[in-house]
file entry35.cif (mmCIF, C-alpha atoms and all ligand atoms)
data_structure
loop_
_atom_site.label_atom_id
_atom_site.label_comp_id
_atom_site.auth_asym_id
_atom_site.auth_seq_id
_atom_site.Cartn_x
_atom_site.Cartn_y
_atom_site.Cartn_z
CA MET A 749 5.36 -15.55 26.10
CA SER A 750 2.85 -16.85 28.66
CA ASP A 751 -0.79 -17.16 27.61
CA ASP A 752 -1.63 -14.06 29.67
CA ALA A 753 1.15 -12.03 28.13
CA GLN A 754 0.15 -13.27 24.68
CA GLN A 755 -3.46 -12.22 25.28
CA GLY A 756 -2.32 -8.86 26.72
CA TRP A 757 -0.27 -8.23 23.60
CA PHE A 758 -3.18 -9.21 21.38
CA GLN A 759 -5.44 -6.70 23.14
CA ARG A 760 -2.81 -3.99 22.59
CA LEU A 761 -2.47 -4.95 18.96
CA ARG A 762 -6.22 -4.87 18.65
CA SER A 763 -6.52 -1.43 20.19
CA GLY A 764 -3.54 -0.27 18.11
CA LEU A 765 -5.32 -1.39 14.97
CA SER A 766 -8.73 -0.16 16.09
CA ARG A 767 -8.98 2.61 13.52
CA SER A 768 -8.24 0.20 10.71
CA SER A 769 -10.52 -2.51 12.03
CA SER A 770 -13.49 -0.25 12.73
CA ASN A 771 -13.20 1.17 9.24
CA LEU A 772 -13.09 -2.31 7.74
CA GLN A 773 -15.80 -3.64 10.03
CA SER A 774 -18.27 -0.92 9.20
CA ASN A 775 -17.56 -1.34 5.50
CA ILE A 776 -18.18 -5.08 5.69
CA ALA A 777 -21.25 -4.53 7.85
CA SER A 778 -22.73 -2.19 5.27
CA VAL A 779 -22.42 -4.92 2.62
CA PHE A 780 -23.52 -7.92 4.66
CA THR A 781 -26.18 -6.33 6.88
CA GLY A 782 -27.87 -9.11 8.80
CA LYS A 783 -27.39 -11.94 6.36
CA LYS A 784 -26.88 -11.48 2.65
CA PRO A 785 -26.28 -13.88 -0.20
CA VAL A 786 -22.70 -14.07 -1.42
CA ASP A 787 -23.30 -13.12 -5.07
CA SER A 788 -21.68 -10.96 -7.72
CA ALA A 789 -23.22 -7.79 -6.32
CA THR A 790 -22.14 -8.30 -2.71
CA LEU A 791 -18.72 -9.57 -3.78
CA GLU A 792 -18.17 -6.44 -5.82
CA GLU A 793 -19.15 -4.26 -2.89
CA LEU A 794 -16.86 -6.25 -0.64
CA GLU A 795 -14.02 -5.69 -3.08
CA GLU A 796 -14.68 -1.93 -2.88
CA ALA A 797 -14.70 -2.13 0.91
CA LEU A 798 -11.32 -3.88 0.93
CA ILE A 799 -9.86 -1.39 -1.54
CA SER A 800 -10.98 1.50 0.60
CA ALA A 801 -9.25 -0.22 3.54
CA ASP A 802 -5.99 0.17 1.58
CA MET A 803 -5.45 -3.46 0.69
CA GLY A 804 -4.80 -2.62 -2.94
CA VAL A 805 -6.88 -3.62 -5.92
CA GLU A 806 -5.31 -7.01 -6.65
CA THR A 807 -5.35 -8.16 -3.06
CA ALA A 808 -8.97 -7.03 -2.66
CA MET A 809 -9.88 -9.00 -5.77
CA ALA A 810 -8.05 -12.09 -4.55
CA LEU A 811 -9.79 -11.94 -1.17
CA ALA A 812 -13.22 -11.50 -2.73
CA GLU A 813 -12.41 -14.41 -5.04
CA GLY A 814 -11.51 -16.52 -2.01
CA LEU A 815 -14.87 -15.77 -0.40
CA LYS A 816 -16.58 -16.58 -3.67
CA LYS A 817 -14.94 -20.02 -3.75
CA GLU A 818 -15.92 -20.70 -0.16
CA ARG A 819 -19.48 -19.49 -0.18
CA PHE A 820 -20.85 -18.42 -3.54
CA GLY A 821 -24.63 -18.70 -3.60
CA LYS A 822 -24.85 -19.19 0.17
CA GLU A 823 -25.90 -16.63 2.73
CA ALA A 824 -23.31 -15.07 4.97
CA SER A 825 -23.51 -12.78 7.99
CA GLU A 826 -21.14 -9.90 8.62
CA ASP A 827 -19.51 -11.99 11.32
CA GLU A 828 -18.98 -14.99 9.08
CA VAL A 829 -17.44 -12.80 6.40
CA ARG A 830 -15.07 -11.24 8.91
CA HIS A 831 -13.96 -14.66 10.12
CA ALA A 832 -13.55 -15.96 6.57
CA LEU A 833 -11.47 -12.92 5.60
CA ALA A 834 -9.35 -13.15 8.75
CA GLY A 835 -8.56 -16.77 7.87
CA GLN A 836 -7.63 -15.91 4.30
CA ILE A 837 -5.53 -12.93 5.34
CA ALA A 838 -3.69 -15.00 7.95
CA THR A 839 -2.83 -17.58 5.27
CA LEU A 840 -1.65 -14.83 2.97
CA LEU A 841 0.51 -13.21 5.66
CA GLU A 842 1.96 -16.42 7.08
CA PRO A 843 4.86 -16.76 4.59
CA VAL A 844 6.09 -13.19 5.18
CA ALA A 845 5.65 -13.04 8.96
CA LYS A 846 9.23 -13.78 9.92
CA PRO A 847 10.90 -12.55 13.06
CA LEU A 848 14.18 -10.68 12.84
CA VAL A 849 16.82 -13.30 13.53
CA ILE A 850 20.31 -12.34 14.65
CA ASP A 851 23.18 -14.63 13.80
CA LEU A 852 25.37 -14.43 16.88
CA THR A 853 28.37 -15.90 15.09
CA ARG A 854 28.75 -12.84 12.88
CA LYS A 855 29.85 -10.38 15.51
CA PRO A 856 28.34 -8.11 14.47
CA GLU A 857 25.18 -8.78 12.53
CA VAL A 858 24.99 -5.56 10.52
CA ILE A 859 21.51 -4.12 10.09
CA LEU A 860 21.08 -1.15 7.79
CA VAL A 861 17.84 0.76 8.26
CA CYS A 862 16.48 2.91 5.46
CA GLY A 863 13.29 4.64 4.41
CA VAL A 864 11.78 7.96 3.36
CA ASN A 865 11.63 10.93 5.73
CA GLY A 866 9.86 10.48 9.00
CA THR A 867 8.74 6.88 8.63
CA GLY A 868 10.11 5.96 12.06
CA LYS A 869 13.62 4.68 11.29
CA THR A 870 15.39 6.18 14.29
CA THR A 871 12.60 5.29 16.72
CA THR A 872 12.51 1.74 15.36
CA ILE A 873 16.27 1.42 15.88
CA GLY A 874 15.80 2.56 19.48
CA LYS A 875 13.05 0.01 20.04
CA LEU A 876 15.05 -2.78 18.42
CA SER A 877 18.14 -1.98 20.42
CA GLN A 878 16.11 -2.23 23.63
CA GLN A 879 14.76 -5.62 22.58
CA PHE A 880 18.20 -6.93 21.67
CA ILE A 881 19.65 -5.67 24.94
CA ASN A 882 16.84 -7.31 26.88
CA ASP A 883 17.81 -10.55 25.14
CA GLY A 884 21.35 -10.11 26.45
CA LYS A 885 22.92 -8.99 23.19
CA LYS A 886 25.66 -6.43 22.87
CA VAL A 887 24.40 -3.63 20.64
CA MET A 888 26.05 -0.70 18.90
CA LEU A 889 24.31 2.11 17.02
CA ALA A 890 25.68 4.15 14.12
CA ALA A 891 24.29 7.64 13.47
CA GLY A 892 24.42 7.36 9.69
CA ASP A 893 21.98 10.25 9.30
CA THR A 894 24.82 12.75 9.13
CA PHE A 895 22.73 15.53 7.61
CA ARG A 896 21.02 16.92 10.66
CA ALA A 897 22.52 17.60 14.07
CA ALA A 898 19.11 16.82 15.55
CA ALA A 899 19.15 13.36 13.97
CA ILE A 900 22.48 12.51 15.58
CA GLU A 901 21.23 13.83 18.91
CA GLN A 902 18.02 11.79 18.60
CA LEU A 903 20.00 8.56 18.19
CA GLU A 904 22.28 9.52 21.07
CA VAL A 905 19.22 9.91 23.28
CA TRP A 906 18.19 6.36 22.35
CA GLY A 907 21.75 5.21 23.03
CA ARG A 908 21.66 6.69 26.54
CA ARG A 909 18.17 5.32 27.17
CA THR A 910 19.10 1.80 26.12
CA ASP A 911 22.65 2.08 27.44
CA CYS A 912 24.51 1.26 24.26
CA PRO A 913 27.31 3.08 22.44
CA VAL A 914 26.50 5.36 19.51
CA ILE A 915 29.09 5.98 16.81
CA SER A 916 28.61 9.45 15.37
CA LYS A 917 30.41 12.25 13.61
CA THR A 918 29.81 15.92 13.18
CA PRO A 919 26.93 16.90 10.89
CA GLY A 920 27.91 16.90 7.23
CA ALA A 921 30.33 13.98 7.55
CA ASP A 922 30.29 11.25 4.91
CA ALA A 923 27.67 8.66 5.86
CA ALA A 924 29.45 5.77 4.16
CA GLY A 925 32.70 6.60 5.95
CA LEU A 926 30.84 6.67 9.23
CA ALA A 927 29.25 3.29 8.55
CA PHE A 928 32.67 1.84 7.73
CA GLU A 929 34.20 3.12 10.96
CA ALA A 930 31.23 1.95 12.97
CA LEU A 931 31.69 -1.57 11.62
CA GLU A 932 35.38 -1.47 12.58
CA ARG A 933 34.47 -0.40 16.08
CA ALA A 934 31.70 -2.96 16.42
CA LYS A 935 34.10 -5.74 15.40
CA ALA A 936 36.80 -4.51 17.77
CA ASP A 937 34.32 -4.30 20.64
CA GLY A 938 32.78 -7.70 19.92
CA ALA A 939 29.28 -6.30 19.41
CA ASP A 940 26.56 -8.80 18.47
CA VAL A 941 24.51 -6.29 16.49
CA LEU A 942 25.32 -3.05 14.70
CA LEU A 943 22.24 -1.00 13.80
CA ILE A 944 22.94 1.70 11.22
CA ASP A 945 20.54 4.64 11.01
CA THR A 946 20.34 6.54 7.73
CA ALA A 947 18.95 9.87 6.61
CA GLY A 948 15.36 9.90 5.47
CA ARG A 949 15.43 10.15 1.73
CA LEU A 950 12.71 10.85 -0.71
CA HIS A 951 12.85 8.17 -3.29
CA ASN A 952 13.06 10.74 -6.07
CA LYS A 953 16.24 12.36 -4.68
CA SER A 954 18.86 10.48 -6.61
CA ALA A 955 21.95 11.83 -4.81
CA LEU A 956 20.65 10.50 -1.51
CA MET A 957 19.65 7.21 -3.03
CA ASP A 958 23.18 6.88 -4.45
CA GLU A 959 24.56 7.55 -1.02
CA LEU A 960 22.61 4.60 0.34
CA ALA A 961 24.09 2.33 -2.31
CA LYS A 962 27.52 3.70 -1.37
CA ILE A 963 27.01 2.78 2.30
CA VAL A 964 26.33 -0.80 1.20
CA ARG A 965 29.41 -0.89 -1.07
CA VAL A 966 31.69 0.47 1.61
CA LEU A 967 30.46 -1.99 4.25
CA LYS A 968 31.16 -4.83 1.82
CA LYS A 969 34.81 -3.82 1.60
CA GLN A 970 35.13 -4.92 5.19
CA ASP A 971 32.69 -7.80 5.18
CA PRO A 972 31.36 -9.02 1.83
CA ALA A 973 28.24 -10.36 3.53
CA ALA A 974 27.42 -7.00 5.16
CA PRO A 975 24.91 -5.52 5.59
CA HIS A 976 23.39 -8.83 6.61
CA GLN A 977 20.01 -7.21 6.73
CA THR A 978 18.71 -4.12 4.97
CA LEU A 979 15.39 -3.10 6.38
CA LEU A 980 12.97 -0.67 4.84
CA VAL A 981 10.82 1.18 7.35
CA LEU A 982 7.41 2.10 6.00
CA ASP A 983 4.84 4.40 7.56
CA ALA A 984 1.42 2.74 7.34
CA THR A 985 -0.31 6.12 7.16
CA THR A 986 1.12 6.64 3.67
CA GLY A 987 -1.11 3.83 2.41
CA GLN A 988 -0.56 2.79 -1.18
CA ASN A 989 2.48 5.05 -1.55
CA ALA A 990 4.37 2.53 0.58
CA LYS A 991 4.43 0.25 -2.45
CA ALA A 992 6.23 2.82 -4.58
CA GLN A 993 8.75 3.20 -1.77
CA VAL A 994 9.48 -0.53 -1.74
CA GLU A 995 9.97 -0.49 -5.51
CA THR A 996 12.42 2.41 -5.46
CA PHE A 997 14.49 1.31 -2.49
CA ARG A 998 14.64 -2.22 -3.77
CA SER A 999 16.10 -0.97 -7.03
CA MET A 1000 18.94 0.74 -5.13
CA VAL A 1001 19.80 -1.77 -2.40
CA PRO A 1002 18.89 -5.42 -1.86
CA LEU A 1003 16.17 -5.19 0.77
CA THR A 1004 15.85 -8.15 3.11
CA GLY A 1005 12.76 -7.15 5.05
CA LEU A 1006 10.16 -4.57 5.99
CA ILE A 1007 9.02 -2.93 9.18
CA VAL A 1008 5.68 -1.13 9.11
CA THR A 1009 5.19 1.62 11.68
CA LYS A 1010 2.38 3.89 12.93
CA LEU A 1011 -0.29 1.25 12.58
CA ASP A 1012 -1.83 2.76 15.72
CA GLY A 1013 -2.62 6.11 14.19
CA THR A 1014 -4.21 5.07 10.94
CA ALA A 1015 -7.19 3.43 9.30
CA ARG A 1016 -4.86 2.16 6.58
CA GLY A 1017 -3.53 -0.98 8.27
CA GLY A 1018 -4.79 -3.04 5.33
CA VAL A 1019 -1.76 -1.81 3.43
CA VAL A 1020 0.31 -4.49 5.16
CA VAL A 1021 -1.79 -7.18 3.48
CA GLY A 1022 -1.21 -5.67 0.03
CA LEU A 1023 2.52 -5.30 0.69
CA ALA A 1024 2.80 -8.90 1.82
CA ARG A 1025 1.05 -10.20 -1.25
CA GLN A 1026 2.81 -7.99 -3.77
CA PHE A 1027 6.44 -8.21 -2.65
CA GLU A 1028 6.82 -11.41 -0.66
CA LEU A 1029 9.43 -9.62 1.44
CA PRO A 1030 9.50 -10.64 5.10
CA VAL A 1031 7.60 -8.29 7.42
CA HIS A 1032 9.67 -8.53 10.57
CA ALA A 1033 7.91 -6.19 12.93
CA ILE A 1034 5.20 -3.61 13.26
CA GLY A 1035 5.04 -0.37 15.21
CA VAL A 1036 1.85 0.34 17.10
CA GLY A 1037 2.94 3.33 19.17
CA GLU A 1038 5.84 5.59 20.09
CA GLY A 1039 6.90 3.75 23.24
CA VAL A 1040 9.92 1.51 23.42
CA TYR A 1041 7.76 -1.63 23.72
CA ASP A 1042 5.42 -0.66 20.88
CA LEU A 1043 7.39 -2.54 18.26
CA ARG A 1044 6.34 -6.16 18.00
CA ALA A 1045 7.11 -9.18 15.92
CA PHE A 1046 4.65 -9.47 13.09
CA GLU A 1047 2.41 -12.48 13.60
CA ALA A 1048 0.11 -13.46 10.76
CA GLU A 1049 -2.89 -14.82 12.65
CA ALA A 1050 -2.88 -12.22 15.38
CA PHE A 1051 -2.57 -9.39 12.88
CA ALA A 1052 -5.34 -10.75 10.66
CA ALA A 1053 -7.67 -11.21 13.63
CA ALA A 1054 -6.92 -7.75 15.03
CA LEU A 1055 -7.37 -6.14 11.61
CA LEU A 1056 -10.82 -7.71 11.29
CA GLY A 1057 -11.68 -6.71 14.87
CA LEU A 1058 -12.12 -10.29 16.09
CA GLU A 1059 -12.32 -10.83 19.82
CA LYS A 1060 -9.31 -13.04 19.99
CA SER A 1061 -6.50 -14.37 17.95
CA VAL A 1062 -7.50 -17.39 15.90
CA ASN A 1063 -4.62 -19.51 17.24
N1 LIG B 1101 2.19 6.55 16.62
C1 LIG B 1101 3.38 6.08 16.24
N2 LIG B 1101 4.38 6.94 16.05
C2 LIG B 1101 5.56 6.45 15.67
C3 LIG B 1101 5.79 5.07 15.45
N3 LIG B 1101 7.08 4.92 15.05
C4 LIG B 1101 7.62 6.16 15.04
N4 LIG B 1101 6.72 7.09 15.40
C5 LIG B 1101 6.89 8.56 15.49
O1 LIG B 1101 7.15 9.08 14.20
C6 LIG B 1101 7.97 10.25 14.30
C7 LIG B 1101 9.15 10.11 13.35
O2 LIG B 1101 9.97 9.07 13.84
P1 LIG B 1101 11.53 9.01 13.56
O3 LIG B 1101 12.00 7.76 14.20
O4 LIG B 1101 12.19 10.26 13.90
O5 LIG B 1101 11.49 8.83 11.99
P2 LIG B 1101 12.71 8.81 10.99
O6 LIG B 1101 12.34 7.89 9.89
O7 LIG B 1101 13.96 8.52 11.71
O8 LIG B 1101 12.70 10.30 10.48
P3 LIG B 1101 13.84 11.08 9.63
O9 LIG B 1101 15.14 10.75 10.28
O10 LIG B 1101 13.45 12.51 9.75
O11 LIG B 1101 13.72 10.59 8.23
C8 LIG B 1101 8.35 10.36 15.76
O12 LIG B 1101 7.52 11.31 16.37
C9 LIG B 1101 8.08 8.97 16.32
O13 LIG B 1101 7.80 8.96 17.69
C10 LIG B 1101 4.67 4.16 15.65
O14 LIG B 1101 4.76 2.94 15.48
N5 LIG B 1101 3.51 4.74 16.04
MG MG B 1102 15.77 9.53 11.76
#
call {"tool": "encode", "arguments": {"input": "entry35.cif", "output": "structure tokens"}}
result
Amino acid sequence: MSDDAQQGWFQRLRSGLSRSSSNLQSNIASVFTGKKPVDSATLEELEEALISADMGVETAMALAEGLKKERFGKEASEDEVRHALAGQIATLLEPVAKPLVIDLTRKPEVILVCGVNGTGKTTTIGKLSQQFINDGKKVMLAAGDTFRAAAIEQLEVWGRRTDCPVISKTPGADAAGLAFEALERAKADGADVLLIDTAGRLHNKSALMDELAKIVRVLKKQDPAAPHQTLLVLDATTGQNAKAQVETFRSMVPLTGLIVTKLDGTARGGVVVGLARQFELPVHAIGVGEGVYDLRAFEAEAFAAALLGLEKSVN
């Protein structure tokens, strides 16, 4: 990306995260009004502020501890605290901020997309397929959400929009069977990427969770390495509940990465920081809107700066 494009994207990220950052900013401002000493009282209040920004208790404690190490006993302004936190958060996010990499020798790279109802799975697949196509890749989509006719139709709309084939069956068909056939077709057609949509499943519905495990088993019959990636799509507006979702899905299928959506509509963007610290799973991309270009690679420094409402990315 050119510097201008990079800056344009940062401004969009910043406005996408504005609800989260203004929440966090006003909380920090209320603790460090003007200049305040960094002492046990202000650190405790800061911890509360970070918890209420959905970072989770342990992450909030670790961040407050970091500030304590840097500045205990010294005075700090609201601005200095924001910069210090942005730096710490960037460091914390750096190891998990990994772009989605497609291995073009696999033909196809099989990407299974799962998550609870309504998190943004199908939309994310549409956005990803557009990105891959723009990069010159040959993409195929599989409508593995065989429960609802509307779900199949929704993926077909994305297929038409991004001009790539969609493998689907009539509603009620076996999702694992569909995934198997889609992989056969993708191989035969020489597709670079096969994106498999799945039905939204509440993590307490065991039949549906079993079905997800079955999709994985069936794909492996054809290619023991498939699915090469299993992505969990999380809706940032669910806040701390996202963690329970990671736990449950991870116990059913080996997750390889996360995508966090709807960061534009929520004040709970801090949840990404807690997720990164707790699970150490790669965060490949974030959704900051419904449009096809509103899914972006997750970049640690830019995200940390935008979350803290800084004027520009630290790098
Ligand atoms: N604001 C915003 N909306 C989003 C984002 N990602 C998805 N959405 C919206 O969230 C709604 C649900 O998205 P879907 O892609 O249908 O979600 P899903 O996980 O496939 O849903 P089910 O198949 O019902 O489980 C749609 O209205 C999307 O446009 C995002 O990053 N920001
Ligand atoms: Mg869907």
call {"tool": "closest_residue", "arguments": {"input": "entry35.cif", "among": "A:Ala812, A:Ala891, A:Ala974, A:Leu833", "to": "ligand LIG 1101 (chain B)", "atoms": "all atoms listed in the file"}}
result
A:Ala891
call {"tool": "residues_near_point", "arguments": {"input": "entry35.cif", "point": "(21.1, 15.4, 14.4)", "cutoff": "12 Å", "atoms": "only C-alpha atoms", "output": "ChimeraX atom specification"}}
result
/A:870,891-905,916-921,945-948
call {"tool": "residues_near_ligand", "arguments": {"input": "entry35.cif", "ligand": "ligand LIG 1101 (chain B)", "cutoff": "6 Å", "atoms": "only C-alpha atoms and all ligand atoms", "output": "list in words"}}
result
Val864, Asn865, Gly866, Thr867, Gly868, Lys869, Thr870, Thr871, Ala947, Gly948, Thr1009, Lys1010, Asp1012, Gly1013, Gly1035, Val1036, Gly1037 and Glu1038 of chain A
call {"tool": "write_last_selection", "arguments": {"input": "entry35.cif", "atoms": "C-alpha atoms", "output": "mmCIF file, in the coordinates of the input"}}
result
data_model
loop_
_atom_site.group_PDB
_atom_site.id
_atom_site.type_symbol
_atom_site.label_atom_id
_atom_site.label_comp_id
_atom_site.auth_asym_id
_atom_site.auth_seq_id
_atom_site.Cartn_x
_atom_site.Cartn_y
_atom_site.Cartn_z
ATOM 1 C CA VAL A 864 11.780 7.960 3.360
ATOM 2 C CA ASN A 865 11.630 10.930 5.730
ATOM 3 C CA GLY A 866 9.860 10.480 9.000
ATOM 4 C CA THR A 867 8.740 6.880 8.630
ATOM 5 C CA GLY A 868 10.110 5.960 12.060
ATOM 6 C CA LYS A 869 13.620 4.680 11.290
ATOM 7 C CA THR A 870 15.390 6.180 14.290
ATOM 8 C CA THR A 871 12.600 5.290 16.720
ATOM 9 C CA ALA A 947 18.950 9.870 6.610
ATOM 10 C CA GLY A 948 15.360 9.900 5.470
ATOM 11 C CA THR A 1009 5.190 1.620 11.680
ATOM 12 C CA LYS A 1010 2.380 3.890 12.930
ATOM 13 C CA ASP A 1012 -1.830 2.760 15.720
ATOM 14 C CA GLY A 1013 -2.620 6.110 14.190
ATOM 15 C CA GLY A 1035 5.040 -0.370 15.210
ATOM 16 C CA VAL A 1036 1.850 0.340 17.100
ATOM 17 C CA GLY A 1037 2.940 3.330 19.170
ATOM 18 C CA GLU A 1038 5.840 5.590 20.090
#
call {"tool": "residues_near_point", "arguments": {"input": "entry35.cif", "point": "(32.3, 5.7, 16.3)", "cutoff": "7 Å", "atoms": "all atoms listed in the file", "output": "number ranges by chain"}}
result
A: 914-916, 929-930, 933
call {"tool": "closest_residue", "arguments": {"input": "entry35.cif", "among": "A:Ile873, A:Leu979, A:Met803, A:Leu811", "to": "ligand MG 1102 (chain B)", "atoms": "only C-alpha atoms and all ligand atoms"}}
result
A:Ile873
call {"tool": "closest_residue", "arguments": {"input": "entry35.cif", "among": "A:Phe880, A:Trp906, A:Phe820, A:Phe780", "to": "ligand MG 1102 (chain B)", "atoms": "only C-alpha atoms and all ligand atoms"}}
result
A:Trp906
call {"tool": "axis_aligned_box", "arguments": {"input": "entry35.cif", "around": "stretch 880-883 of chain A", "padding_each_side": "4 Å", "output": "lines of an AutoDock Vina configuration file"}}
result
center_x = 18.2
center_y = -8.1
center_z = 24.3
size_x = 10.8
size_y = 12.9
size_z = 13.2
call {"tool": "residues_around", "arguments": {"input": "entry35.cif", "residues": "A:Val964", "least_positions_apart": "4", "cutoff": "10 Å", "atoms": "all atoms listed in the file", "output": "VMD selection string"}}
result
chain A and resid 860 924 927 to 928 959 to 960 968 to 969 972 974 to 975 978 1000 to 1002
call {"tool": "atom_distance", "arguments": {"input": "entry35.cif", "atom1": "atom CA of A:Phe997", "atom2": "atom CA of A:Val1021"}}
result
19.3 Å
call {"tool": "atom_distance", "arguments": {"input": "entry35.cif", "atom1": "atom CA of A:Ile963", "atom2": "atom CA of A:Arg1025"}}
result
29.2 Å
call {"tool": "closest_residue", "arguments": {"input": "entry35.cif", "among": "A:Val829, A:Val966, A:Val861, A:Ala1050", "to": "A:Arg949", "atoms": "only C-alpha atoms"}}
result
A:Val861
call {"tool": "residues_around", "arguments": {"input": "entry35.cif", "residues": "A:Lys935", "least_positions_apart": "4", "cutoff": "12 Å", "atoms": "all atoms listed in the file", "output": "ChimeraX atom specification"}}
result
/A:853-858,886-888,928-931,939-942,970-971
call {"tool": "write_last_selection", "arguments": {"input": "entry35.cif", "atoms": "C-alpha atoms", "output": "CSV table (one decimal), in the frame of the given file"}}
result
chain,number,residue,atom,x,y,z
A,853,THR,CA,28.4,-15.9,15.1
A,854,ARG,CA,28.8,-12.8,12.9
A,855,LYS,CA,29.8,-10.4,15.5
A,856,PRO,CA,28.3,-8.1,14.5
A,857,GLU,CA,25.2,-8.8,12.5
A,858,VAL,CA,25.0,-5.6,10.5
A,886,LYS,CA,25.7,-6.4,22.9
A,887,VAL,CA,24.4,-3.6,20.6
A,888,MET,CA,26.0,-0.7,18.9
A,928,PHE,CA,32.7,1.8,7.7
A,929,GLU,CA,34.2,3.1,11.0
A,930,ALA,CA,31.2,2.0,13.0
A,931,LEU,CA,31.7,-1.6,11.6
A,939,ALA,CA,29.3,-6.3,19.4
A,940,ASP,CA,26.6,-8.8,18.5
A,941,VAL,CA,24.5,-6.3,16.5
A,942,LEU,CA,25.3,-3.0,14.7
A,970,GLN,CA,35.1,-4.9,5.2
A,971,ASP,CA,32.7,-7.8,5.2
call {"tool": "closest_residue", "arguments": {"input": "entry35.cif", "among": "A:Ile1007, A:Glu1047, A:Arg998, A:Gly874", "to": "ligand MG 1102 (chain B)", "atoms": "only C-alpha atoms and all ligand atoms"}}
result
A:Gly874
call {"tool": "closest_residue", "arguments": {"input": "entry35.cif", "among": "A:Leu798, A:Leu772, A:Val805, A:Val981", "to": "ligand MG 1102 (chain B)", "atoms": "all atoms listed in the file"}}
result
A:Val981
call {"tool": "residues_around", "arguments": {"input": "entry35.cif", "residues": "A:Gly987", "least_positions_apart": "4", "cutoff": "9 Å", "atoms": "only C-alpha atoms", "output": "list in words"}}
result
Asp802, Met803, Asp983, Lys991, Arg1016, Gly1017, Gly1018, Val1019 and Val1020 of chain A
call {"tool": "atom_distance", "arguments": {"input": "entry35.cif", "atom1": "atom CA of A:Leu980", "atom2": "atom CA of A:Leu761"}}
result
21.4 Å
call {"tool": "build_atoms", "arguments": {"input": "entry35.cif", "residues": "stretch 983-996 of chain A", "atoms": "N, CA and C atoms", "output": "PDB file, in the frame of the given file"}}
result
ATOM      1  N   ASP A 983       5.839   3.790   6.696  1.00  0.00           N
ATOM      2  CA  ASP A 983       4.840   4.400   7.560  1.00  0.00           C
ATOM      3  C   ASP A 983       3.460   3.997   7.020  1.00  0.00           C
ATOM      4  N   ALA A 984       2.715   3.259   7.820  1.00  0.00           N
ATOM      5  CA  ALA A 984       1.420   2.740   7.340  1.00  0.00           C
ATOM      6  C   ALA A 984       0.470   3.851   6.913  1.00  0.00           C
ATOM      7  N   THR A 985       0.632   5.043   7.491  1.00  0.00           N
ATOM      8  CA  THR A 985      -0.310   6.120   7.160  1.00  0.00           C
ATOM      9  C   THR A 985      -0.155   6.596   5.712  1.00  0.00           C
ATOM     10  N   THR A 986       0.957   6.235   5.073  1.00  0.00           N
ATOM     11  CA  THR A 986       1.120   6.640   3.670  1.00  0.00           C
ATOM     12  C   THR A 986       0.330   5.737   2.719  1.00  0.00           C
ATOM     13  N   GLY A 987      -0.239   4.665   3.239  1.00  0.00           N
ATOM     14  CA  GLY A 987      -1.110   3.830   2.410  1.00  0.00           C
ATOM     15  C   GLY A 987      -0.410   3.276   1.191  1.00  0.00           C
ATOM     16  N   GLN A 988      -1.066   3.410   0.054  1.00  0.00           N
ATOM     17  CA  GLN A 988      -0.560   2.790  -1.180  1.00  0.00           C
ATOM     18  C   GLN A 988       0.806   3.300  -1.615  1.00  0.00           C
ATOM     19  N   ASN A 989       1.177   4.511  -1.177  1.00  0.00           N
ATOM     20  CA  ASN A 989       2.480   5.050  -1.550  1.00  0.00           C
ATOM     21  C   ASN A 989       3.628   4.185  -1.031  1.00  0.00           C
ATOM     22  N   ALA A 990       3.351   3.430   0.023  1.00  0.00           N
ATOM     23  CA  ALA A 990       4.370   2.530   0.580  1.00  0.00           C
ATOM     24  C   ALA A 990       4.890   1.578  -0.500  1.00  0.00           C
ATOM     25  N   LYS A 991       4.023   1.193  -1.400  1.00  0.00           N
ATOM     26  CA  LYS A 991       4.430   0.250  -2.450  1.00  0.00           C
ATOM     27  C   LYS A 991       5.474   0.872  -3.373  1.00  0.00           C
ATOM     28  N   ALA A 992       5.263   2.135  -3.731  1.00  0.00           N
ATOM     29  CA  ALA A 992       6.230   2.820  -4.580  1.00  0.00           C
ATOM     30  C   ALA A 992       7.571   2.922  -3.855  1.00  0.00           C
ATOM     31  N   GLN A 993       7.507   3.109  -2.539  1.00  0.00           N
ATOM     32  CA  GLN A 993       8.750   3.200  -1.770  1.00  0.00           C
ATOM     33  C   GLN A 993       9.508   1.881  -1.803  1.00  0.00           C
ATOM     34  N   VAL A 994       8.808   0.777  -1.677  1.00  0.00           N
ATOM     35  CA  VAL A 994       9.480  -0.530  -1.740  1.00  0.00           C
ATOM     36  C   VAL A 994      10.156  -0.682  -3.106  1.00  0.00           C
ATOM     37  N   GLU A 995       9.422  -0.353  -4.154  1.00  0.00           N
ATOM     38  CA  GLU A 995       9.970  -0.490  -5.510  1.00  0.00           C
ATOM     39  C   GLU A 995      11.272   0.293  -5.660  1.00  0.00           C
ATOM     40  N   THR A 996      11.242   1.561  -5.240  1.00  0.00           N
ATOM     41  CA  THR A 996      12.420   2.410  -5.460  1.00  0.00           C
ATOM     42  C   THR A 996      13.605   1.955  -4.613  1.00  0.00           C
TER      43      THR A 996
END
